[in-house]
Every structure is written in C-alpha cells, then in structure tokens.
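Student: So here's entry22.cif (mmCIF, C-alpha atoms (C1' of nucleotides)).
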data_upload
#
loop_
_atom_site.label_atom_id
_atom_site.label_comp_id
_atom_site.auth_asym_id
_atom_site.auth_seq_id
_atom_site.Cartn_x
_atom_site.Cartn_y
_atom_site.Cartn_z
CA MET A 1 38.18 57.76 94.97
CA ILE A 2 35.79 58.25 92.10
CA LEU A 3 35.42 61.05 89.60
CA ARG A 4 32.22 63.02 89.71
CA SER A 5 29.50 62.02 87.28
CA HIS A 6 29.87 65.50 85.79
CA VAL A 7 33.06 64.33 84.11
CA GLU A 8 31.24 61.64 82.19
CA TRP A 9 28.38 64.00 81.35
CA ALA A 10 30.65 66.81 80.17
CA LEU A 11 32.65 64.53 77.89
CA HIS A 12 29.56 63.11 76.25
CA CYS A 13 28.02 66.55 75.88
CA CYS A 14 31.13 67.94 74.22
CA ALA A 15 31.14 65.00 71.82
CA ILE A 16 27.55 65.83 70.91
CA LEU A 17 28.24 69.54 70.56
CA ALA A 18 30.98 68.61 68.11
CA GLY A 19 28.25 67.43 65.75
CA LEU A 20 26.32 70.69 65.93
CA PRO A 21 25.72 72.61 62.67
CA GLU A 22 27.83 75.75 62.30
CA GLY A 23 26.51 78.73 64.24
CA LYS A 24 23.78 76.81 66.05
CA TYR A 25 23.31 76.19 69.76
CA LEU A 26 22.01 73.16 71.66
CA SER A 27 20.10 73.66 74.90
CA THR A 28 20.59 72.01 78.26
CA LYS A 29 17.16 70.52 77.82
CA ALA A 30 18.13 68.77 74.59
CA LEU A 31 21.42 67.51 76.03
CA ALA A 32 19.65 66.22 79.15
CA GLU A 33 17.01 64.44 77.10
CA PHE A 34 19.56 62.92 74.77
CA HIS A 35 21.53 61.39 77.64
CA GLY A 36 18.69 60.78 80.08
CA LEU A 37 20.15 63.13 82.69
CA PRO A 38 18.61 65.54 85.23
CA LYS A 39 18.44 68.86 83.42
CA GLU A 40 19.07 71.15 86.39
CA TYR A 41 22.11 69.29 87.60
CA LEU A 42 23.57 68.80 84.14
CA SER A 43 23.27 72.57 83.83
CA LYS A 44 25.93 72.94 86.53
CA ALA A 45 28.39 70.87 84.51
CA LEU A 46 27.69 72.91 81.39
CA GLN A 47 28.21 76.12 83.34
CA ALA A 48 31.61 74.82 84.37
CA LEU A 49 32.47 74.24 80.71
CA SER A 50 31.34 77.77 79.98
CA GLN A 51 33.47 79.26 82.75
CA ALA A 52 36.46 77.38 81.37
CA ASP A 53 35.81 78.95 77.97
CA LEU A 54 35.35 75.59 76.31
CA VAL A 55 31.83 76.45 75.16
CA ASP A 56 29.99 79.57 74.12
CA THR A 57 26.46 80.22 75.25
CA THR A 58 23.58 82.41 74.30
CA LEU A 59 20.25 83.12 75.91
CA GLY A 60 16.74 83.14 74.62
CA PRO A 61 14.48 80.63 72.86
CA THR A 62 17.19 79.53 70.42
CA GLY A 63 19.88 79.63 73.09
CA GLY A 64 22.13 76.93 74.45
CA TYR A 65 25.68 75.80 74.05
CA ARG A 66 28.21 75.31 71.29
CA LEU A 67 31.92 74.62 71.31
CA ALA A 68 34.06 77.72 71.67
CA LYS A 69 37.02 76.25 69.74
CA PRO A 70 37.81 73.66 67.08
CA THR A 71 37.65 70.12 68.44
CA SER A 72 41.36 69.74 67.80
CA ASP A 73 42.06 72.62 70.19
CA ILE A 74 40.24 71.01 73.10
CA THR A 75 41.77 68.14 75.03
CA VAL A 76 39.98 65.63 77.19
CA LEU A 77 42.00 67.03 80.09
CA ASP A 78 40.57 70.48 79.44
CA ILE A 79 37.08 69.08 79.85
CA VAL A 80 37.90 66.95 82.89
CA GLU A 81 39.63 69.83 84.65
CA ALA A 82 36.80 72.22 83.80
CA VAL A 83 34.33 70.17 85.85
CA GLU A 84 36.60 68.39 88.31
CA GLY A 85 39.02 71.17 89.05
CA LYS A 86 42.76 71.34 88.63
CA ALA A 87 43.62 70.29 92.17
CA ARG A 88 45.82 67.24 92.47
CA THR A 89 44.13 63.98 93.41
CA PHE A 90 46.58 63.44 96.26
CA GLU A 91 46.65 65.96 99.04
CA CYS A 92 49.76 66.02 101.22
CA THR A 93 48.99 66.96 104.81
CA ASN A 94 52.66 66.70 105.70
CA ILE A 95 52.24 64.16 108.47
CA ARG A 96 56.02 63.63 108.47
CA ALA A 97 56.16 66.96 110.30
CA ALA A 98 54.87 65.19 113.43
CA ASN A 99 58.04 63.06 113.65
CA PRO A 100 59.01 63.24 117.32
CA CYS A 101 62.67 63.33 116.30
CA ARG A 102 62.27 66.36 114.07
CA PRO A 103 64.55 69.32 114.59
CA ALA A 104 63.44 72.91 114.10
CA GLY A 105 62.86 73.70 110.44
CA PHE A 106 62.24 70.09 109.47
CA CYS A 107 60.25 69.77 106.23
CA ASP A 108 61.34 73.14 104.93
CA ALA A 109 63.12 71.54 102.01
CA GLY A 110 60.11 70.94 99.79
CA PRO A 111 57.42 68.29 99.41
CA CYS A 112 57.98 64.87 100.92
CA ALA A 113 58.89 61.74 98.98
CA VAL A 114 55.42 60.26 99.30
CA ALA A 115 53.79 63.35 97.83
CA ARG A 116 56.28 63.44 94.96
CA VAL A 117 55.48 59.86 94.01
CA MET A 118 51.76 60.43 94.17
CA TRP A 119 51.98 63.67 92.26
CA ALA A 120 54.05 62.05 89.54
CA ALA A 121 51.26 59.51 89.09
CA ASP A 122 48.72 62.31 89.02
CA GLU A 123 50.72 63.96 86.27
CA ALA A 124 50.87 60.69 84.33
CA TRP A 125 47.08 60.57 84.51
CA ARG A 126 46.74 64.15 83.33
CA SER A 127 49.28 63.61 80.61
CA SER A 128 47.29 60.68 79.29
CA LEU A 129 44.15 62.81 79.16
CA ARG A 130 46.01 65.74 77.64
CA ASN A 131 47.16 63.59 74.75
CA VAL A 132 43.62 62.91 73.58
CA ARG A 133 41.92 65.72 71.73
CA LEU A 134 38.18 66.08 71.45
CA SER A 135 38.63 65.52 67.72
CA ASP A 136 40.25 62.15 68.50
CA LEU A 137 37.42 61.21 70.81
CA VAL A 138 34.78 62.13 68.26
CA ALA A 139 36.60 60.13 65.60
CA THR A 140 36.61 57.10 67.87
CA VAL A 141 32.93 57.47 68.61
CA ALA A 142 32.19 57.76 64.89
CA ASP A 143 34.15 54.59 64.39
CA ASP A 144 32.22 52.76 67.11
CA VAL A 145 28.71 53.77 66.15
CA PRO A 146 26.98 52.12 63.19
CA GLN A 147 26.70 54.50 60.26
CA ASP A 148 22.93 54.70 60.24
CA VAL A 149 22.79 55.47 63.97
CA TRP A 150 25.51 58.07 63.56
CA LYS A 151 23.53 59.70 60.79
CA SER A 152 20.19 59.73 62.57
CA THR A 153 21.89 61.05 65.70
CA GLY A 154 23.33 63.91 63.69
CA ALA A 155 19.86 64.61 62.32
CA TRP A 156 18.42 64.60 65.85
CA ILE A 157 21.00 67.14 66.97
CA ALA A 158 20.32 69.36 63.95
CA ARG A 159 16.59 69.16 64.57
CA ARG A 160 16.98 70.25 68.21
CA ALA A 161 19.54 72.96 67.49
CA GLY A 162 18.48 76.56 67.64
CA MET B 1 38.09 63.77 93.30
CA ILE B 2 40.53 63.29 96.12
CA LEU B 3 42.20 60.18 97.47
CA ARG B 4 41.34 59.18 101.01
CA SER B 5 43.73 60.25 103.73
CA HIS B 6 44.30 56.56 104.39
CA VAL B 7 46.47 56.46 101.30
CA GLU B 8 48.87 59.02 102.69
CA TRP B 9 48.85 57.37 106.10
CA ALA B 10 49.45 53.87 104.75
CA LEU B 11 52.39 54.96 102.62
CA HIS B 12 54.10 56.74 105.50
CA CYS B 13 53.44 53.82 107.84
CA CYS B 14 54.92 51.33 105.40
CA ALA B 15 57.98 53.53 105.05
CA ILE B 16 58.37 53.50 108.82
CA LEU B 17 57.81 49.76 109.07
CA ALA B 18 60.63 49.34 106.57
CA GLY B 19 63.00 50.62 109.27
CA LEU B 20 61.84 48.14 111.86
CA PRO B 21 64.45 45.75 113.33
CA GLU B 22 64.16 42.18 112.08
CA GLY B 23 61.42 40.17 113.78
CA LYS B 24 59.95 43.09 115.69
CA TYR B 25 56.51 44.64 115.48
CA LEU B 26 55.34 48.25 115.77
CA SER B 27 51.94 49.01 117.25
CA THR B 28 49.15 51.20 115.90
CA LYS B 29 49.68 53.40 118.92
CA ALA B 30 53.33 54.05 118.04
CA LEU B 31 52.52 54.70 114.38
CA ALA B 32 49.71 57.08 115.34
CA GLU B 33 51.93 58.96 117.76
CA PHE B 34 54.75 59.19 115.26
CA HIS B 35 52.54 60.75 112.61
CA GLY B 36 50.12 62.61 114.86
CA LEU B 37 47.12 60.63 113.65
CA PRO B 38 43.93 59.35 115.31
CA LYS B 39 44.81 55.86 116.51
CA GLU B 40 41.43 54.23 116.02
CA TYR B 41 40.98 55.45 112.49
CA LEU B 42 44.55 54.74 111.47
CA SER B 43 43.86 51.23 112.68
CA LYS B 44 41.40 50.79 109.83
CA ALA B 45 44.05 51.62 107.27
CA LEU B 46 46.47 49.18 108.85
CA GLN B 47 43.82 46.49 108.84
CA ALA B 48 43.43 47.05 105.12
CA LEU B 49 47.18 46.53 104.65
CA SER B 50 46.89 43.35 106.67
CA GLN B 51 44.01 42.05 104.59
CA ALA B 52 46.05 42.71 101.47
CA ASP B 53 48.87 40.62 102.95
CA LEU B 54 51.30 43.52 102.85
CA VAL B 55 51.90 43.39 106.60
CA ASP B 56 51.97 40.70 109.27
CA THR B 57 50.41 41.28 112.65
CA THR B 58 50.55 39.76 116.08
CA LEU B 59 48.57 40.34 119.26
CA GLY B 60 49.55 41.02 122.82
CA PRO B 61 51.74 43.55 124.60
CA THR B 62 54.57 43.30 122.05
CA GLY B 63 52.17 43.07 119.15
CA GLY B 64 51.69 45.30 116.17
CA TYR B 65 52.63 45.34 112.50
CA ARG B 66 55.64 44.52 110.36
CA LEU B 67 56.07 44.20 106.62
CA ALA B 68 55.11 40.81 105.25
CA LYS B 69 57.57 40.97 102.33
CA PRO B 70 60.86 42.57 101.34
CA THR B 71 60.46 46.26 100.48
CA SER B 72 61.46 45.50 96.90
CA ASP B 73 58.48 43.15 96.56
CA ILE B 74 55.95 45.82 97.52
CA THR B 75 54.95 48.55 95.09
CA VAL B 76 53.36 51.86 95.92
CA LEU B 77 50.37 50.69 93.89
CA ASP B 78 50.01 47.66 96.18
CA ILE B 79 49.68 49.99 99.15
CA VAL B 80 47.37 52.45 97.42
CA GLU B 81 45.08 49.70 96.18
CA ALA B 82 45.05 48.02 99.58
CA VAL B 83 43.40 51.04 101.19
CA GLU B 84 41.69 52.70 98.23
CA GLY B 85 40.44 49.61 96.44
CA LYS B 86 41.09 48.40 92.93
CA ALA B 87 38.03 49.96 91.36
CA ARG B 88 38.69 52.33 88.48
CA THR B 89 38.50 56.05 89.20
CA PHE B 90 36.10 56.57 86.31
CA GLU B 91 32.78 54.83 86.41
CA CYS B 92 30.91 54.50 83.13
CA THR B 93 27.15 54.65 83.56
CA ASN B 94 26.65 54.16 79.84
CA ILE B 95 24.61 57.28 79.27
CA ARG B 96 25.06 56.83 75.51
CA ALA B 97 22.43 54.11 75.86
CA ALA B 98 19.79 56.81 76.27
CA ASN B 99 20.38 58.06 72.70
CA PRO B 100 16.87 58.49 71.30
CA CYS B 101 18.12 57.22 67.93
CA ARG B 102 19.46 53.97 69.31
CA PRO B 103 18.35 50.73 67.70
CA ALA B 104 17.81 47.54 69.68
CA GLY B 105 21.08 46.07 70.92
CA PHE B 106 22.92 49.38 70.85
CA CYS B 107 25.95 49.45 73.14
CA ASP B 108 26.42 45.71 73.05
CA ALA B 109 29.80 46.08 71.37
CA GLY B 110 31.83 46.90 74.48
CA PRO B 111 32.68 49.99 76.52
CA CYS B 112 32.17 53.40 74.97
CA ALA B 113 34.91 55.65 73.66
CA VAL B 114 34.72 58.00 76.64
CA ALA B 115 35.20 55.17 79.11
CA ARG B 116 38.13 53.79 77.14
CA VAL B 117 39.93 57.14 77.23
CA MET B 118 39.31 57.59 80.94
CA TRP B 119 40.32 54.03 81.73
CA ALA B 120 43.54 54.40 79.77
CA ALA B 121 44.41 57.40 81.93
CA ASP B 122 43.54 55.41 85.04
CA GLU B 123 45.91 52.70 83.88
CA ALA B 124 48.65 55.29 83.28
CA TRP B 125 48.18 56.43 86.88
CA ARG B 126 48.39 52.89 88.20
CA SER B 127 51.35 52.10 86.02
CA SER B 128 53.21 55.07 87.45
CA LEU B 129 52.53 53.87 90.98
CA ARG B 130 53.39 50.29 90.11
CA ASN B 131 56.81 51.34 88.90
CA VAL B 132 57.82 52.64 92.31
CA ARG B 133 58.76 50.02 94.86
CA LEU B 134 58.63 50.59 98.58
CA SER B 135 62.40 50.17 98.56
CA ASP B 136 62.66 53.07 96.10
CA LEU B 137 60.43 55.22 98.26
CA VAL B 138 62.45 54.48 101.38
CA ALA B 139 65.68 55.26 99.55
CA THR B 140 64.26 58.62 98.50
CA VAL B 141 63.17 59.40 102.02
CA ALA B 142 66.62 58.47 103.36
CA ASP B 143 68.07 60.83 100.80
CA ASP B 144 65.76 63.66 101.83
CA VAL B 145 66.13 63.41 105.58
CA PRO B 146 69.29 64.74 107.27
CA GLN B 147 71.47 61.91 108.52
CA ASP B 148 71.11 62.70 112.20
CA VAL B 149 67.31 62.87 111.97
CA TRP B 150 67.27 59.63 110.02
CA LYS B 151 69.37 57.97 112.70
CA SER B 152 67.37 59.24 115.66
CA THR B 153 64.15 58.27 113.89
CA GLY B 154 65.48 54.76 113.45
CA ALA B 155 66.33 54.70 117.15
CA TRP B 156 62.82 55.89 118.03
CA ILE B 157 61.30 53.09 115.97
CA ALA B 158 63.58 50.50 117.56
CA ARG B 159 62.73 51.79 121.03
CA ARG B 160 59.01 51.50 120.39
CA ALA B 161 59.21 48.13 118.65
CA GLY B 162 58.06 45.05 120.50
"C1'" DA C 1 45.91 36.95 136.56
"C1'" DT C 2 46.86 41.22 134.26
"C1'" DA C 3 47.87 44.28 130.77
"C1'" DT C 4 48.24 45.19 125.90
"C1'" DT C 5 47.31 44.40 121.42
"C1'" DA C 6 44.69 43.64 116.55
"C1'" DA C 7 40.19 42.79 114.62
"C1'" DG C 8 35.90 44.12 113.58
"C1'" DG C 9 31.08 45.78 114.41
"C1'" DA C 10 28.18 49.72 115.56
"C1'" DT C 11 27.46 54.38 115.54
"C1'" DA C 12 28.07 59.33 114.91
"C1'" DA C 13 29.85 63.57 112.80
"C1'" DT C 14 31.53 65.87 108.93
"C1'" DT C 15 32.18 66.68 104.21
"C1'" DT C 16 31.22 65.96 99.43
"C1'" DA C 17 28.22 64.70 95.66
"C1'" DT C 18 23.84 64.77 93.77
"C1'" DA C 19 19.68 67.03 92.89
"C1'" DT C 20 15.93 70.47 92.90
"C1'" DC C 21 13.94 75.03 93.14
"C1'" DC C 22 13.58 79.79 92.24
"C1'" DG C 23 14.62 84.61 90.80
"C1'" DT C 24 17.04 87.43 87.35
"C1'" DA C 25 18.66 88.91 82.97
"C1'" DT C 26 18.86 88.09 78.14
"C1'" DG C 27 17.46 87.25 73.50
"C1'" DA C 28 14.13 85.63 69.90
"C1'" DA C 29 9.60 85.44 67.94
"C1'" DT C 30 5.14 87.34 67.54
"C1'" DA D 1 5.44 95.79 73.79
"C1'" DT D 2 4.50 91.15 75.08
"C1'" DT D 3 5.51 86.58 75.61
"C1'" DC D 4 8.30 82.73 75.98
"C1'" DA D 5 12.53 79.96 76.37
"C1'" DT D 6 16.90 80.11 77.75
"C1'" DA D 7 21.56 80.50 80.71
"C1'" DC D 8 23.08 81.82 85.10
"C1'" DG D 9 23.64 81.81 89.94
"C1'" DG D 10 22.08 81.39 94.70
"C1'" DA D 11 19.71 78.75 98.10
"C1'" DT D 12 18.27 74.65 99.78
"C1'" DA D 13 17.56 69.69 100.30
"C1'" DT D 14 18.88 64.77 99.97
"C1'" DA D 15 22.08 60.99 99.57
"C1'" DA D 16 26.49 59.04 99.95
"C1'" DA D 17 31.26 58.82 101.25
"C1'" DT D 18 34.76 60.06 104.43
"C1'" DT D 19 36.44 60.67 108.88
"C1'" DA D 20 36.24 59.44 113.51
"C1'" DT D 21 35.02 57.25 117.97
"C1'" DC D 22 33.43 53.58 120.93
"C1'" DC D 23 33.05 48.95 122.37
"C1'" DT D 24 33.50 43.85 122.49
"C1'" DT D 25 36.24 39.82 121.53
"C1'" DA D 26 40.22 36.91 121.10
"C1'" DA D 27 45.08 36.41 121.36
"C1'" DT D 28 49.62 36.93 123.66
"C1'" DA D 29 53.47 38.41 126.53
"C1'" DT D 30 54.89 39.19 131.30
#
What is this structure when it is put down as structure tokens?

Tutor:
Amino acid sequence: MILRSHVEWALHCCAILAGLPEGKYLSTKALAEFHGLPKEYLSKALQALSQADLVDTTLGPTGGYRLAKPTSDITVLDIVEAVEGKARTFECTNIRAANPCRPAGFCDAGPCAVARVMWAADEAWRSSLRNVRLSDLVATVADDVPQDVWKSTGAWIARRAG
Amino acid sequence: MILRSHVEWALHCCAILAGLPEGKYLSTKALAEFHGLPKEYLSKALQALSQADLVDTTLGPTGGYRLAKPTSDITVLDIVEAVEGKARTFECTNIRAANPCRPAGFCDAGPCAVARVMWAADEAWRSSLRNVRLSDLVATVADDVPQDVWKSTGAWIARRAG
DNA sequence: ATATTAAGGATAATTTATATCCGTATGAAT
DNA sequence: ATTCATACGGATATAAATTATCCTTAATAT
C-alpha cells in the first residue's frame, strides 16, 4: 500500500501557495517547474484541491491557483483527502459471511471485528493528519530552510505570480 | 490507497488458526473453503505469514498451518506487516530538491517537513495496530459471534484439522 | 507406492497509477 | 476585436501493482 504521488505534490504545492502575495495566483506551470513535476499530471492534483474548495482558481494569462482559506483553517488531512479520497484504507469484503457454519442472518449485526480494528487504525492515521494545520506545516518548513533560501524562494514565487 | 486483500485474509486466517486444537494443522484448502477464497492465491498470503515466523507449517496429508506463538505474542501489526511489508505508506521523492533557488547541498539536513508529518501519521497507524494482540481480536470475535455458531465453527475447524 | 500438502517460480488477467494530448471556455493584455 | 495564457475536463496511452492461475518440486502420512 502506498499513497499516490499526488499527495506529496499537493502538500508541497499548498505550502508554496501559502507564500503567495495577497490576491495573486500561481499557475500550474510555475508549480510544476518549481518542483520538477509533469505539468499536465500535476494539473489533476490541483483540480482535486479546487473541487475540495481548498484553493481558488482563475483563468487567463494571470490565472492559476491560490489558497481559498487561511492556512490555519486547512489541515493536512483536508489536503490528503482531497487528492486521495475519503475512503478507508481497509476495505472489508465480509469474508466471514462464507463461514460454512453460519446460520441465516449471520453478519447482520454490524462490521466484523477485523474491520473494526483496521478502521480504528485508519482513524488514528487520519486523526494524526487532522491535527496538523497547513500553518503548522509552513512554520516547520520555514524553520528547516535557511533564511536566505527561504527569502529567495519567496521572491521567486512573487515573480511568477500573476 | 487501499490495503491488499491479503491483509484481510491473513487476519481472518490467524483468527481461525487460534481455534485450532493443540498440535494440529489446518490446510490452505480448508482455510480457503471456510472463507470462500481462491486457494492458490490465499496460499501466497499464508506463505508470507510463514516467512514472518508467525505460523508453523508441515507437509503431507495432515499438513497445513498453525500459529507459531501464543496469540498474546502476536500483534495485528505483525500480521499486517507480514503480508503488506514494512515500508512506509508515504514515499518521499524529495521534490523540494528541485527548488530553483536551492544552493548546493540543499536537503542534506534530513527528511523534509512534509515527509515528517506523513511519517508521523504512518506511525500512529502502526501504533494502533501494534496495540491490538491476536488474543484481543479473537476475544472480540468470540464476543460478536453467537455461542452456537462459535461452537459449531470450532467443531468445523477441529474436523478439518490434521 | 500413493495421495496430499507447502513452497515457489512462471505467467496471465485485471485494476490502478501515472502521464500525455486535445478541445473548450474564460479572462487579461494589446 | 484579436491574441494569448490559463483552468478544466474528457479521451487515450503507458507503466506498475494487484489478483489469480498453473505447474514443478520436495516432504510426509497412510
């Protein structure tokens, strides 16, 4: 089991969009160049963010993406679920229902014990992601990156913003 | 992202093996019949459990599988990792390294902030699974299943055991 | 001997992930 | 008005992972 690369791309793109000057947009092309990603395919991830109302878009020569909310109102889980979907990572196919000793109506009493354990772990995963806001992530990145790189990166974003 | 069906199969099979009479083995064929699964493919999951030393096997007409340890010494995570692997569910491809403003030696200071957040969630997921022992799971199943079904299921297992 | 089993290699089919291409509508600049 | 750059969505193609089957080999009980 591995998360789609879109998850990684979307998180990095949101972190970059957080550094965008007020009212400006950043295009798919700029985001793809910045991260060295295939523009057309990255576009699909950004569309998913748009459909989840995490980013606003506009068309035309100065068009692109910007965050639709304050970074403190977006969680990492929001971003992950926007591109990966909200479906649980464990799918119960109810194989207990094949038990040759089953009576009629077996399994009618709710999800099986295995599914409950796996779903609890899934929820622990989501909970961990829900507890990190985009603002937290950006703060951590700012902490990691040397000040001069952080500054020139911000300038690069501003230069490419339309 | 979805876990392989082997995870579900392995968990249910281990729960069944927990009800096996002392010293006996249960074959792939019996486990496949019980759960309505393709025998040959289920066999791959059981081989993974064997390679992880969670089950013992023996050949011949009375051969099959049995648990290699007490149910309280096996965690759900052990079983999940045996068939799904221990690799993290988020793979960092270090796309920050493409930053056009990067200096030489950028990214040498350890994993990026995005990866750390995702890996922390992965660890929360594993931790949740690690905290459930096979004995706990079996106890929950026993609680769920009506007594008569539980008893006849145990009899079925004993009848098919070699 | 014979039958039954696990193990593992080879292969195929199916599904998902990754990636590209193209047409349309929109908005900005000239 | 015209031109250009953009997001969007559909269609298609390619690659990889998952699911599944088949077959051979070695071991073991009867």

Student: Write out as JSON lines a residue-level contact list of chain A versus chain C with cut-off 6 Å: for each qualifying residue the closest pair of atoms and the distance in Å to one decimal, counting all atoms listed in the file, rows sorted by chain and residue number upward.

Tutor:
{"residue": "A:Leu59", "atom": "CA", "partner": "C:DG27", "partner_atom": "C1'", "distance": 5.5}
{"residue": "A:Gly60", "atom": "CA", "partner": "C:DG27", "partner_atom": "C1'", "distance": 4.3}
{"residue": "A:Pro61", "atom": "CA", "partner": "C:DA28", "partner_atom": "C1'", "distance": 5.8}

Student: Compile the residues of chain B that lie within 10 Å of chain D, evaluated using only C-alpha atoms (C1' of nucleotides), and express the compilation as a list in words.

Tutor: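 The complete set of qualifying residues is Arg4, Ser5, His6, Pro38, Lys39, Glu40, Tyr41, Leu42, Thr58, Leu59, Gly60, Pro61, Thr62 and Gly63 of chain B.
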
Student: Residues of chain A no more than 7 Å from chain B, counting all atoms listed in the file: send them over as a count of residues only.

Tutor: 32

Student: Around all listed atoms of stretch 21-26 of chain D, padded 6 Å per side, what centre and edge lengths does the axis-aligned box have in Å to one decimal, as AutoDock Vina command-line options?

Tutor:
--center_x 36.6 --center_y 47.1 --center_z 120.2 --size_x 19.2 --size_y 32.3 --size_z 16.5

Student: What does the distance between atom CA of A:Leu49 and atom CA of A:Ala82 come to in Å, to one decimal place?

Tutor: 5.7 Å

Student: Take atom CA of A:Ile79 and atom CA of A:Thr57 and report the distance between them in Å, one decimal.

Tutor: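 Between atom CA of A:Ile79 and atom CA of A:Thr57 the gap is 16.1 Å.
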
Student: Could you please determine the separation between atom CA of B:Tyr25 and atom CA of B:Gly64 in Å, to one decimal place?

Tutor: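 Pair atom CA of B:Tyr25 / atom CA of B:Gly64 returns 4.9 Å.
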
Student: Determine, counting all atoms listed in the file, which protein, DNA and RNA residues have an atom within 10 Å of an atom of A:Leu54; residues of the same chain fewer than 3 positions away are not included. Present the result as a list in words.

Tutor: Cys14, Leu46, Ala48, Leu49, Ser50, Gln51, Tyr65, Arg66, Leu67, Ala68, Lys69, Pro70, Thr71, Asp73, Ile74, Thr75, Asp78, Ile79 and Ala82 of chain A
